[in-house]
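Next comes final.txt, a file with compact mmCIF, C-alpha atoms and all ligand atoms.
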# COMPACT_ATOMS: atom_id res chain seq x y z
CA MET A 1 -8.80 2.31 -7.80
CA THR A 2 -11.84 4.20 -6.53
CA VAL A 3 -12.09 4.96 -2.86
CA GLU A 4 -15.10 6.65 -1.31
CA LYS A 5 -13.98 10.12 -0.51
CA THR A 6 -14.37 12.05 2.67
CA THR A 7 -17.52 14.16 2.39
CA ILE A 8 -17.38 17.78 3.49
CA LEU A 9 -20.66 19.64 3.75
CA ILE A 10 -20.55 23.31 2.78
CA VAL A 11 -23.38 25.36 4.29
CA GLU A 12 -23.16 28.66 2.48
CA ASP A 13 -25.59 30.81 0.49
CA GLU A 14 -23.16 32.85 -1.59
CA PRO A 15 -22.68 31.08 -4.95
CA ALA A 16 -19.21 32.52 -5.58
CA ILE A 17 -17.92 31.24 -2.24
CA VAL A 18 -19.58 27.85 -2.72
CA GLU A 19 -17.84 27.57 -6.07
CA LEU A 20 -14.43 28.55 -4.74
CA VAL A 21 -14.67 26.30 -1.70
CA SER A 22 -15.96 23.33 -3.72
CA PHE A 23 -13.14 23.71 -6.20
CA THR A 24 -10.57 23.93 -3.40
CA LEU A 25 -11.91 20.86 -1.61
CA ARG A 26 -12.11 18.80 -4.79
CA ALA A 27 -8.53 19.70 -5.68
CA ALA A 28 -7.42 18.54 -2.24
CA GLY A 29 -9.14 15.17 -2.69
CA TRP A 30 -12.32 15.61 -0.67
CA HIS A 31 -15.90 15.27 -1.84
CA PRO A 32 -17.74 18.57 -1.34
CA VAL A 33 -21.52 18.82 -1.08
CA ALA A 34 -23.13 22.24 -0.81
CA VAL A 35 -26.44 23.34 0.70
CA HIS A 36 -27.62 26.92 0.96
CA THR A 37 -29.76 27.06 4.07
CA ALA A 38 -29.57 25.87 7.67
CA GLY A 39 -32.74 23.83 7.10
CA ASP A 40 -31.23 21.95 4.16
CA ALA A 41 -28.06 21.35 6.17
CA TRP A 42 -30.07 19.80 9.00
CA ASP A 43 -31.96 17.56 6.54
CA PHE A 44 -28.71 16.50 4.91
CA ILE A 45 -26.90 15.44 8.08
CA GLY A 46 -30.00 13.52 9.18
CA ARG A 47 -29.70 11.38 6.05
CA ARG A 48 -25.97 11.17 5.67
CA MET A 49 -23.23 12.10 8.08
CA PRO A 50 -20.48 14.20 6.50
CA GLN A 51 -16.95 13.98 7.93
CA LEU A 52 -16.75 17.75 8.41
CA ILE A 53 -18.97 20.84 8.04
CA LEU A 54 -17.96 24.29 6.81
CA LEU A 55 -20.64 26.52 8.21
CA ASP A 56 -21.34 30.08 7.14
CA TRP A 57 -22.39 32.56 9.80
CA MET A 58 -25.11 34.42 7.90
CA LEU A 59 -27.63 32.12 6.23
CA PRO A 60 -31.01 33.07 4.71
CA ASP A 61 -33.25 31.11 7.11
CA GLN A 62 -31.36 31.33 10.40
CA THR A 63 -27.86 32.05 11.66
CA GLY A 64 -25.12 29.50 11.36
CA LEU A 65 -24.66 29.92 15.07
CA ARG A 66 -28.18 28.59 15.74
CA LEU A 67 -27.60 25.63 13.50
CA LEU A 68 -24.30 25.00 15.28
CA ALA A 69 -26.06 24.98 18.65
CA ARG A 70 -28.70 22.60 17.30
CA ILE A 71 -26.05 20.22 15.93
CA ARG A 72 -24.07 20.25 19.17
CA GLY A 73 -27.26 19.71 21.15
CA ASP A 74 -27.83 16.41 19.39
CA ARG A 75 -25.82 13.53 20.78
CA GLN A 76 -25.27 11.81 17.45
CA PHE A 77 -23.59 14.92 16.01
CA ASN A 78 -21.56 15.85 19.08
CA ASP A 79 -18.22 15.00 17.57
CA LEU A 80 -18.82 16.25 14.04
CA PRO A 81 -15.89 18.55 13.12
CA ILE A 82 -17.22 22.03 12.31
CA ILE A 83 -15.39 25.07 10.98
CA MET A 84 -17.28 28.38 10.91
CA LEU A 85 -16.82 30.51 7.80
CA THR A 86 -17.34 34.06 8.79
CA ALA A 87 -17.04 37.53 7.35
CA LYS A 88 -17.01 38.77 10.88
CA SER A 89 -13.63 39.27 12.37
CA MET A 90 -14.91 40.73 15.61
CA GLU A 91 -13.45 39.05 18.63
CA GLU A 92 -16.81 38.51 20.37
CA ASP A 93 -18.19 36.70 17.32
CA LYS A 94 -15.29 34.29 17.23
CA ILE A 95 -15.76 33.61 20.90
CA ALA A 96 -19.51 33.06 20.41
CA GLY A 97 -18.77 30.51 17.68
CA LEU A 98 -16.25 28.63 19.78
CA ASP A 99 -18.59 28.80 22.79
CA HIS A 100 -21.32 27.15 20.74
CA GLY A 101 -19.03 24.29 19.84
CA ALA A 102 -17.25 25.28 16.62
CA ASP A 103 -13.88 23.57 16.39
CA ASP A 104 -12.31 26.39 14.43
CA TYR A 105 -13.21 29.37 12.29
CA VAL A 106 -11.90 30.89 9.10
CA THR A 107 -12.47 34.57 8.40
CA LYS A 108 -13.48 35.65 4.88
CA PRO A 109 -11.76 36.37 2.65
CA PHE A 110 -9.57 33.32 3.09
CA SER A 111 -7.09 31.70 0.74
CA PRO A 112 -7.73 28.18 -0.55
CA ARG A 113 -4.44 27.11 1.02
CA GLU A 114 -5.40 28.39 4.42
CA LEU A 115 -8.77 26.64 4.24
CA THR A 116 -7.18 23.34 3.22
CA ALA A 117 -4.61 23.62 6.01
CA ARG A 118 -7.29 24.34 8.63
CA ILE A 119 -9.41 21.40 7.48
CA ASN A 120 -6.43 19.06 7.53
CA ALA A 121 -5.39 20.26 10.98
CA LEU A 122 -8.87 19.67 12.38
CA LEU A 123 -9.27 16.27 10.73
CA ARG A 124 -5.84 15.17 11.93
CA ARG A 125 -6.93 16.07 15.45
CA LYS A 126 -10.37 14.47 15.32
CA THR A 127 -10.43 11.79 12.61
CA PRO A 128 -6.93 11.55 11.14
CA GLU A 129 -8.01 8.90 8.62
CA HIS A 130 -9.90 11.65 6.74
CA ALA A 131 -7.05 14.13 6.48
CA GLN A 132 -5.62 14.44 2.96
CA THR A 133 -1.96 14.43 3.85
CA VAL A 134 0.71 11.91 2.99
CA MET A 135 1.17 9.33 5.76
CA ARG A 136 4.25 7.24 6.44
CA ALA A 137 5.50 4.39 8.53
CA GLY A 138 8.91 2.87 7.93
CA SER A 139 9.34 2.38 4.20
CA VAL A 140 5.58 2.61 3.53
CA GLN A 141 4.03 5.79 2.23
CA LEU A 142 0.34 6.37 1.51
CA ASP A 143 -0.91 9.30 -0.54
CA PRO A 144 -4.65 9.82 -0.01
CA VAL A 145 -4.95 12.28 -2.91
CA SER A 146 -3.65 9.91 -5.58
CA CYS A 147 -4.90 6.83 -3.66
CA SER A 148 -1.52 5.21 -3.96
CA VAL A 149 0.81 3.31 -1.67
CA SER A 150 4.52 2.98 -2.17
CA LEU A 151 7.18 0.88 -0.60
CA ASP A 152 10.69 2.35 -0.76
CA GLN A 153 9.32 4.79 -3.37
CA GLN A 154 7.99 1.96 -5.55
CA LYS A 155 4.24 1.96 -6.08
CA ILE A 156 2.58 -1.27 -4.99
CA ASP A 157 -0.71 -2.92 -5.93
CA ILE A 158 -3.22 -2.79 -3.16
CA GLY A 159 -6.94 -3.57 -3.02
CA HIS A 160 -9.60 -1.06 -2.05
CA ALA A 161 -10.36 -2.56 1.37
CA GLU A 162 -6.67 -2.98 2.18
CA PHE A 163 -6.02 0.66 1.20
CA LYS A 164 -8.69 1.86 3.63
CA LEU A 165 -7.41 -0.40 6.35
CA LEU A 166 -3.81 0.75 5.88
CA LYS A 167 -4.91 4.40 5.88
CA PHE A 168 -6.73 3.85 9.16
CA PHE A 169 -3.74 2.11 10.74
CA LEU A 170 -1.37 4.86 9.55
CA ALA A 171 -3.68 7.49 11.01
CA HIS A 172 -3.60 5.76 14.40
CA PRO A 173 -0.15 4.27 14.86
CA GLU A 174 0.82 2.35 17.98
CA ARG A 175 -2.81 1.80 18.98
CA VAL A 176 -4.51 -1.55 19.19
CA PHE A 177 -7.93 -2.00 17.59
CA SER A 178 -10.27 -4.93 18.00
CA ARG A 179 -11.85 -6.50 14.95
CA SER A 180 -15.20 -4.91 15.72
CA GLN A 181 -13.62 -1.47 16.14
CA LEU A 182 -11.92 -1.88 12.77
CA LEU A 183 -15.21 -2.91 11.18
CA ASP A 184 -16.97 0.14 12.62
CA ARG A 185 -14.32 2.66 11.81
CA VAL A 186 -12.94 1.39 8.52
CA TRP A 187 -16.05 -0.08 6.92
CA GLY A 188 -18.76 1.87 8.77
CA ASP A 189 -21.22 0.34 11.17
CA HIS A 190 -23.97 -0.05 8.58
CA VAL A 191 -21.91 -2.57 6.66
CA MET A 192 -22.80 -6.14 7.49
CA ILE A 193 -19.62 -8.12 7.35
CA GLU A 194 -18.25 -10.66 9.75
CA GLU A 195 -15.33 -10.02 12.05
CA ARG A 196 -13.48 -12.85 10.34
CA THR A 197 -13.40 -10.73 7.20
CA VAL A 198 -11.07 -8.33 9.00
CA ASP A 199 -8.54 -11.15 9.33
CA VAL A 200 -8.75 -11.79 5.61
CA HIS A 201 -8.06 -8.15 4.78
CA VAL A 202 -5.20 -7.94 7.29
CA LEU A 203 -3.68 -10.99 5.65
CA ARG A 204 -3.99 -9.41 2.20
CA LEU A 205 -2.61 -6.13 3.49
CA ARG A 206 0.46 -7.84 4.89
CA LYS A 207 0.97 -9.63 1.60
CA ALA A 208 0.74 -6.34 -0.31
CA LEU A 209 3.25 -4.72 2.04
CA LYS A 210 5.83 -7.43 1.32
CA GLN A 211 9.00 -6.79 3.37
CA ALA A 212 7.15 -4.16 5.42
CA GLU A 213 4.46 -6.63 6.53
CA HIS A 214 5.87 -6.60 10.06
CA LEU A 215 4.36 -3.11 10.53
CA ILE A 216 0.96 -4.72 11.01
CA LYS A 217 1.09 -6.54 14.32
CA THR A 218 -1.32 -9.09 15.70
CA VAL A 219 -2.08 -8.41 19.33
CA ARG A 220 -3.12 -11.71 20.75
CA SER A 221 -6.79 -12.02 21.75
CA VAL A 222 -7.25 -8.28 21.21
CA GLY A 223 -6.82 -7.35 17.55
CA TYR A 224 -4.33 -5.54 15.38
CA MET A 225 -2.11 -2.49 15.39
CA LEU A 226 0.43 -0.69 13.25
CA SER A 227 3.73 -0.35 15.00
CA GLU A 228 7.24 0.54 13.92
CA LYS A 229 8.69 -0.96 17.09
CA CA B 301 -23.91 34.05 3.93
Here is a file; write its structure as structure tokens.
Amino acid sequence: MTVEKTTILIVEDEPAIVELVSFTLRAAGWHPVAVHTAGDAWDFIGRRMPQLILLDWMLPDQTGLRLLARIRGDRQFNDLPIIMLTAKSMEEDKIAGLDHGADDYVTKPFSPRELTARINALLRRKTPEHAQTVMRAGSVQLDPVSCSVSLDQQKIDIGHAEFKLLKFFLAHPERVFSRSQLLDRVWGDHVMIEERTVDVHVLRLRKALKQAEHLIKTVRSVGYMLSEK
């Protein structure tokens, strides 16, 4: 099964770091894209919104801090998770980054494990459906890295759309979502599908989950939720 992966934009001009970070992200199950200047980063996010940005402090055309301020100044990018990559460990620099709207920072040199952990922590906080960590509810377990779902440790067959839907529900348990919210957040708002389609996928998801189908609840006249209660 192929699932579109979470895109992480690396804004970094040092080839060795780009290579290391790309390798680390790919191994963790994300889709890395690298640009080398602030200008290219701005062009990229205008065309396609990544799910997270790793932003170097010192870039050839302008500082990462300026780009950060520009991104945060634009309403459509307000919520974009951003981690600053910095060789600077000076306290005032960290504070400047956080003041300009960075969500977190990682000081070079960093270990691949630390970077992966920081990214997962930030994604879990902001958009948990993009974190690459195993998610569970009852007897159901979803592994985003291998794109597999198991029920009592037995792998089950699940369609692409149902996988995405289940991942979203698992990332936001005990919360009700309307059909239009699910369309926006699971399929993306540029996808033209009818709200009725959501019902079809929920039906298929329940079927795939067999004895665990009760996890997906219908909330009358509102929508759906995942609940263990
Ligand atoms: Ca640099």
*Could you check which of A:Cys147, A:Leu9, A:Glu213, A:Ile17 is closest to A:Phe110, using only C-alpha atoms?*
A:Ile17
*Give the answer as one residue: which of A:His100, A:Arg179, A:Arg185, A:Lys217 has the shortest atom-to-atom distance to A:Lys164, using all atoms listed in the file?*
A:Arg185
*Please provide as a list in words all residues within 12 Å of A:Ser180, with the sequence filter that same-chain residues fewer than 2 positions apart are discarded (counting all atoms listed in the file).*
Val176, Phe177, Ser178, Leu182, Leu183, Asp184, Arg185, Val186, Trp187, Gly188, Asp189, Val191, Met192, Ile193, Glu194, Glu195, Arg196, Thr197, Val198, Asp199, Val222, Gly223 and Tyr224 of chain A
Take the residues just selected and output them with C-alpha atoms as a compact mmCIF listing (two decimals), in the frame of the given file.
# COMPACT_ATOMS: atom_id res chain seq x y z
CA VAL A 176 -4.51 -1.55 19.19
CA PHE A 177 -7.93 -2.00 17.59
CA SER A 178 -10.27 -4.93 18.00
CA LEU A 182 -11.92 -1.88 12.77
CA LEU A 183 -15.21 -2.91 11.18
CA ASP A 184 -16.97 0.14 12.62
CA ARG A 185 -14.32 2.66 11.81
CA VAL A 186 -12.94 1.39 8.52
CA TRP A 187 -16.05 -0.08 6.92
CA GLY A 188 -18.76 1.87 8.77
CA ASP A 189 -21.22 0.34 11.17
CA VAL A 191 -21.91 -2.57 6.66
CA MET A 192 -22.80 -6.14 7.49
CA ILE A 193 -19.62 -8.12 7.35
CA GLU A 194 -18.25 -10.66 9.75
CA GLU A 195 -15.33 -10.02 12.05
CA ARG A 196 -13.48 -12.85 10.34
CA THR A 197 -13.40 -10.73 7.20
CA VAL A 198 -11.07 -8.33 9.00
CA ASP A 199 -8.54 -11.15 9.33
CA VAL A 222 -7.25 -8.28 21.21
CA GLY A 223 -6.82 -7.35 17.55
CA TYR A 224 -4.33 -5.54 15.38
Sorted per-residue table, chain A near ligand CA 301 (chain B), closest atoms and distance, 7 Å, only C-alpha atoms and all ligand atoms, as CSV:
residue,atom,partner,partner_atom,distance
A:Glu12,CA,B:CA301,CA,5.6
A:Asp13,CA,B:CA301,CA,5.0
A:Glu14,CA,B:CA301,CA,5.7
A:Asp56,CA,B:CA301,CA,5.7
A:Trp57,CA,B:CA301,CA,6.2
A:Met58,CA,B:CA301,CA,4.2
A:Leu59,CA,B:CA301,CA,4.8
*Given the choices A:Leu151, A:Leu170, A:Leu54, A:Ala41, which gets closest to A:Arg136 if the distance is worked out from all atoms listed in the file?*
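The answer is A:Leu170, which sits nearest to A:Arg136.
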*Would you list the contacts of A:Asn120 as JSON, numbers by chain, taking every protein, DNA or RNA residue within 9 Å and counting all atoms listed in the file, but skipping same-chain residues closer than 3 positions in sequence?*
{"A": [115, 116, 117, 123, 124, 125, 128, 130, 131, 132, 133]}
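Reported to one decimal place, the separation of atom CA of A:Arg113 from atom CA of A:Val140 is 26.6 Å.
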_Atom-to-atom span, atom CA of A:Lys167 and atom CA of A:Ala28, Å_ =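 Between atom CA of A:Lys167 and atom CA of A:Ala28 the gap works out to 16.5 Å.
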*asked:* With only C-alpha atoms as the counted atoms, please give the residues lying no more than 7 Å from stretch 70-86 of chain A, apart from itself and same-chain residues fewer than 4 positions off, as a VMD selection string.
replied: chain A and resid 51 to 57 66 101 to 108
_From the options A:Ile119, A:Leu209, A:Thr127, A:Glu162, which residue's atoms come nearest to A:Gln141, counting all atoms listed in the file?_
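The closest residue to A:Gln141 is A:Leu209.
From atom CA of A:Leu166 back to atom CA of A:Gly29, the distance works out to 17.6 Å.
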*Nearest to A:Ile156: which of A:Ala171, A:Met225, A:Ala208, A:Leu20 is it, counting all atoms listed in the file?*
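The shortest atom-to-atom distance to A:Ile156 comes from A:Ala208.
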*Name the closest residue to A:Pro144 among the candidates A:Phe163, A:Phe44, A:Phe23, A:Phe169; distances are taken between atoms, counting all atoms listed in the file.*
A:Phe163
